[in-house]
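Worksheet: the structure to be examined is printed underneath.
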Amino acid sequence: MLFRYLLIVLIILPIKAFALIEVDITRGNLNPLPVAVSPLSIDEKSKSNFKKILKKEDLGSEISAVVENNLRQSGLFNPLNKNAFLQKPDIANLKPRFEDWNLIKAQALITGKVTFVDEKLRVEFRLWDVLAGKEMMALAFTTVPSNWRRVGHIITDKVYQRLTGEDGYFDTRIIYVSEKGPKTNRIKKLAIMDQDGFNNKFLTLGNELVLTPRFSPTNQMVTYLSYFRNLPRVYLLDIETGMQEVVGDFPGMTFAPRFSPDGKKIIMSFAKDGNSDIYTMDLENRIVERITNHPSIDTSPSYSPDGKYITFNSDRSGYQQIYVMNSSGKNVKRISFGNGIYGTPVWSPRGDLIAFTKLHKGKFYIGVMRTDGTGERLLTENFYQEAPSWSPNGRVLIFYRETKTNSKGEGFSAKLWSIDLTGYNEKMVNTETDASDPSWSSLLSN
Amino acid sequence: MNLSKILKNIFVILVASFVLTACATQKKTTGQLQGDVYTGSDSVEYLASGVADRVFFATNETVLTTASRETLRKQAAWLRKNSKITIVLEGHADERGTREYNLAIGERRANSAKDYLMTYGISSNRISVLSYGKERPVDSGSNPLAWSKNRRSVSVKAN
């Protein structure tokens, strides 16, 4: 029953939203699935141990709050109010009284147990189908206590996967540019945070301008543009060690970097004498290869997930448009033909779609099209927004949006937003400071 | 002369003055823009007396206007006289474009200026190019006049 319901939701959505070149302005409620996230039960001894280590009163409740927030943010689930729960966490985890959960209209139930074992955090959880009265999944993990938020994210990923049939995107991080100061002299720093905005960390000090950080799809490396010593160049940064290095030895500006899907190459633009072309550098043997050779501006390259194709931005037709070519640079084809100009193409990790930014009649749109340019669909319209980045499962896009400013500089803000591929569930992503250029990591636990 | 005639005359004068002031204000706004290229002097600084430091571009354009070429010829003459000076050409874009494309267009604008200076006898090793894309606007406003001031290439003394 539960299964059939979700299957219907997931199949209907994409079809319904396939209206051609129209902004989907209906943000209707999609009847998100009612789910009860019972606080994970915890014994008194474990509770006091974790309180000592983590300064958290009740770690069971804290972890379930992470799960609950993730599920709500996804827009597909409606976590029910805990005050209505009739059964105690410890008993529910052993054997739920399904009539009680049915009474409050829960269709799925998550229960679990947290214990302190050998200085470690042990968490078990179960997912129950309330209507069928059956256990759908049971798992247990052991980790260091400081990883407790990640445990919440991993539980959410497992639940999401079991109920939707698709991989989750919750145990992930976002790298972005943190912004401060007047618009005419913004101070920008690289920053990284969990997908839900927690555990924010700055990776650079703000001494030089930094732009467009992008995660490696295979590990925790990042490539970005830095104006270190006023020489704008593509850099490689290892998040774990903090080591950074310039990518290649180019006699001019390199920019717009991204990793190849196997993480072995960086693809980017190199600007020389007023002309930008696309190049790759192999990170193992350091061999640089020229991919495009055209007097127009070629930039914003992004590989298809199988590595066989590259989508990029070029003004060879006179204005910015989106093109696709073989990864060798051969067989260049323009794919964007709608009204307006198109930029920042990014290939979906599922392979079937390209997300982009579009400017038309003074408005900016985030949209998606098929890789041959058909089926263009605009998801959101605003004064200024750009730079979509896909969640690893290809279901959600994160991008940044800027507001109008007067000539005194008042009114300006830059914030991260996310939206579902369906055009629903548009949400601001909370950041400590203003923020731009987000890039979504792959799943940390795989 | 009766009262109605006097009133009529006053009315005519009033209308005339309205038309005139309307003209004046309109000229003022169009006076800073030709097409959508900035022609005012609001943000302009000077390398030397009479030698403006920057040139402006139309939306999405990297081609030099007649006025820009005149400014650059003055810069070239000044650079020829001051042969030890080296410069950085800083290319900029307005905020109405994607960040990466704007970096490229800023680089192309600065190179348009560089090429022109070179044809007037300035050696390429005295000129370096630095694109800021849309990262360093001079006017924070989100309006066509502010954007026109921001689409620019600025010659900055490097030594």
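We label chains A, B, ... in the order they appear in the structure tokens, count residues from 1 in each chain, and number ligands from 1 in the order shown.
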
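For Ser155 (chain B), the set of protein, DNA and RNA residues having any atom at most 10 Å away, when counting only C-alpha atoms and skipping those fewer than 4 positions along the same chain, is Glu45, Tyr46, Leu47, Ala52, Asp53, Arg54, Val55, Leu72, Gln75, Thr86, Ile87, Val88, Leu89, Glu90, Gly91, Ala110, Ala113, Lys114, Ile127, Ser128 and Val129 of chain B.
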
Output C-alpha atoms of each residue in that selection to a file, as an mmCIF file, in the first residue's frame.
```cif
data_model
loop_
_atom_site.group_PDB
_atom_site.id
_atom_site.type_symbol
_atom_site.label_atom_id
_atom_site.label_comp_id
_atom_site.auth_asym_id
_atom_site.auth_seq_id
_atom_site.Cartn_x
_atom_site.Cartn_y
_atom_site.Cartn_z
ATOM 1 C CA GLU B 45 39.889 58.810 -12.887
ATOM 2 C CA TYR B 46 42.846 60.329 -14.713
ATOM 3 C CA LEU B 47 46.286 58.913 -15.424
ATOM 4 C CA ALA B 52 41.042 59.334 -18.708
ATOM 5 C CA ASP B 53 41.816 55.903 -17.263
ATOM 6 C CA ARG B 54 38.849 53.920 -18.603
ATOM 7 C CA VAL B 55 36.712 53.054 -21.580
ATOM 8 C CA LEU B 72 43.051 55.097 -25.695
ATOM 9 C CA GLN B 75 46.649 56.950 -23.105
ATOM 10 C CA THR B 86 53.760 49.707 -17.197
ATOM 11 C CA ILE B 87 50.031 49.222 -16.900
ATOM 12 C CA VAL B 88 47.447 46.600 -16.029
ATOM 13 C CA LEU B 89 44.268 46.652 -18.077
ATOM 14 C CA GLU B 90 41.462 45.559 -15.793
ATOM 15 C CA GLY B 91 38.458 44.249 -17.698
ATOM 16 C CA ALA B 110 40.765 44.424 -21.636
ATOM 17 C CA ALA B 113 42.022 48.015 -25.247
ATOM 18 C CA LYS B 114 45.421 46.310 -25.233
ATOM 19 C CA ILE B 127 50.708 45.899 -20.706
ATOM 20 C CA SER B 128 49.230 43.080 -18.679
ATOM 21 C CA VAL B 129 45.592 42.079 -18.601
#
```

Residue list for chain B near chain A as a short mmCIF file (atom, residue, chain, number, x, y, z; two decimals) with C-alpha atoms, in the first residue's frame, 6 Å, only C-alpha atoms:
```cif
data_model
loop_
_atom_site.label_atom_id
_atom_site.label_comp_id
_atom_site.auth_asym_id
_atom_site.auth_seq_id
_atom_site.Cartn_x
_atom_site.Cartn_y
_atom_site.Cartn_z
CA GLU B 100 32.15 32.48 -15.79
CA GLU B 107 39.31 39.49 -20.45
CA ARG B 108 38.19 40.17 -23.99
CA ASN B 111 42.38 42.81 -24.69
CA ARG B 136 34.40 44.57 -8.81
CA PRO B 137 31.60 46.94 -9.90
CA VAL B 138 32.17 50.69 -9.38
CA SER B 140 26.44 48.86 -6.94
CA GLY B 141 23.12 49.92 -8.44
CA SER B 142 20.89 47.43 -10.23
#
```

Subject >> Those of region 65-313 of chain A in DSSP helix (DSSP H, G or I), formatted as a PyMOL selection string >> reply: chain A and resi 65-74+82-84+89-94+98-103+145-164+183-185+228-230

Original post:
Counting only C-alpha atoms, what is within 9 Å of Ile53 (chain A), bar same-chain residues fewer than 5 positions away, as a list in words?
Top reply: Ser48, Pro145 and Ser146 of chain A

Subject >> For Gly394 (chain A): contacts at 6 Å, only C-alpha atoms, fewer than 2 positions along chain excluded, given as an NGL selection string >> reply: :A and (348-350 or 390-392 or 396)

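Taking the backbone of this structure through DSSP, the residues of region 13-150 of chain B that come out as strand (DSSP E or B) are Leu33, Gln34, Val37, Tyr38, Tyr46, Leu47, Ala48, Val51, Ala52, Arg54, Val55, Phe56, Ile87, Val88, Leu89, Glu90, Gly91, His92, Ile127, Ser128, Val129, Leu130, Ser131, Tyr132 and Gly133 of chain B.
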
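Each of B:Leu130, B:Ile122, B:Gly97, B:Gly106 was checked against His360 (chain A) using only C-alpha atoms; the smallest atom-to-atom distance is that of B:Gly97.
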
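Each of A:Ser304, A:Thr142, A:Asn339, A:Asn31 was checked against Ser260 (chain A) using only C-alpha atoms; the smallest atom-to-atom distance is that of A:Ser304.
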
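Atom to atom, CA of Arg401 (chain A) and CA of Pro438 (chain A) stand 10.8 Å apart.
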
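CA of Ile104 (chain A) sits 11.3 Å away from CA of Pro79 (chain A).
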
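Of the residues under consideration (A:Val117, A:Val130, A:Ala414, A:Val123), A:Val130 shows the shortest atom-to-atom contact distance to Leu103 (chain A) when counting only C-alpha atoms.
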
Original post:
Quick one, how far is CA of Ile154 (chain A) from CA of Trp440 (chain A)?
Top reply: 16.4 Å

Subject >> Shell around Pro34 (chain A) at 7 Å using only C-alpha atoms, local window under 6 positions removed, as a VMD selection string >> reply: chain A and resid 77 to 80 105 to 108
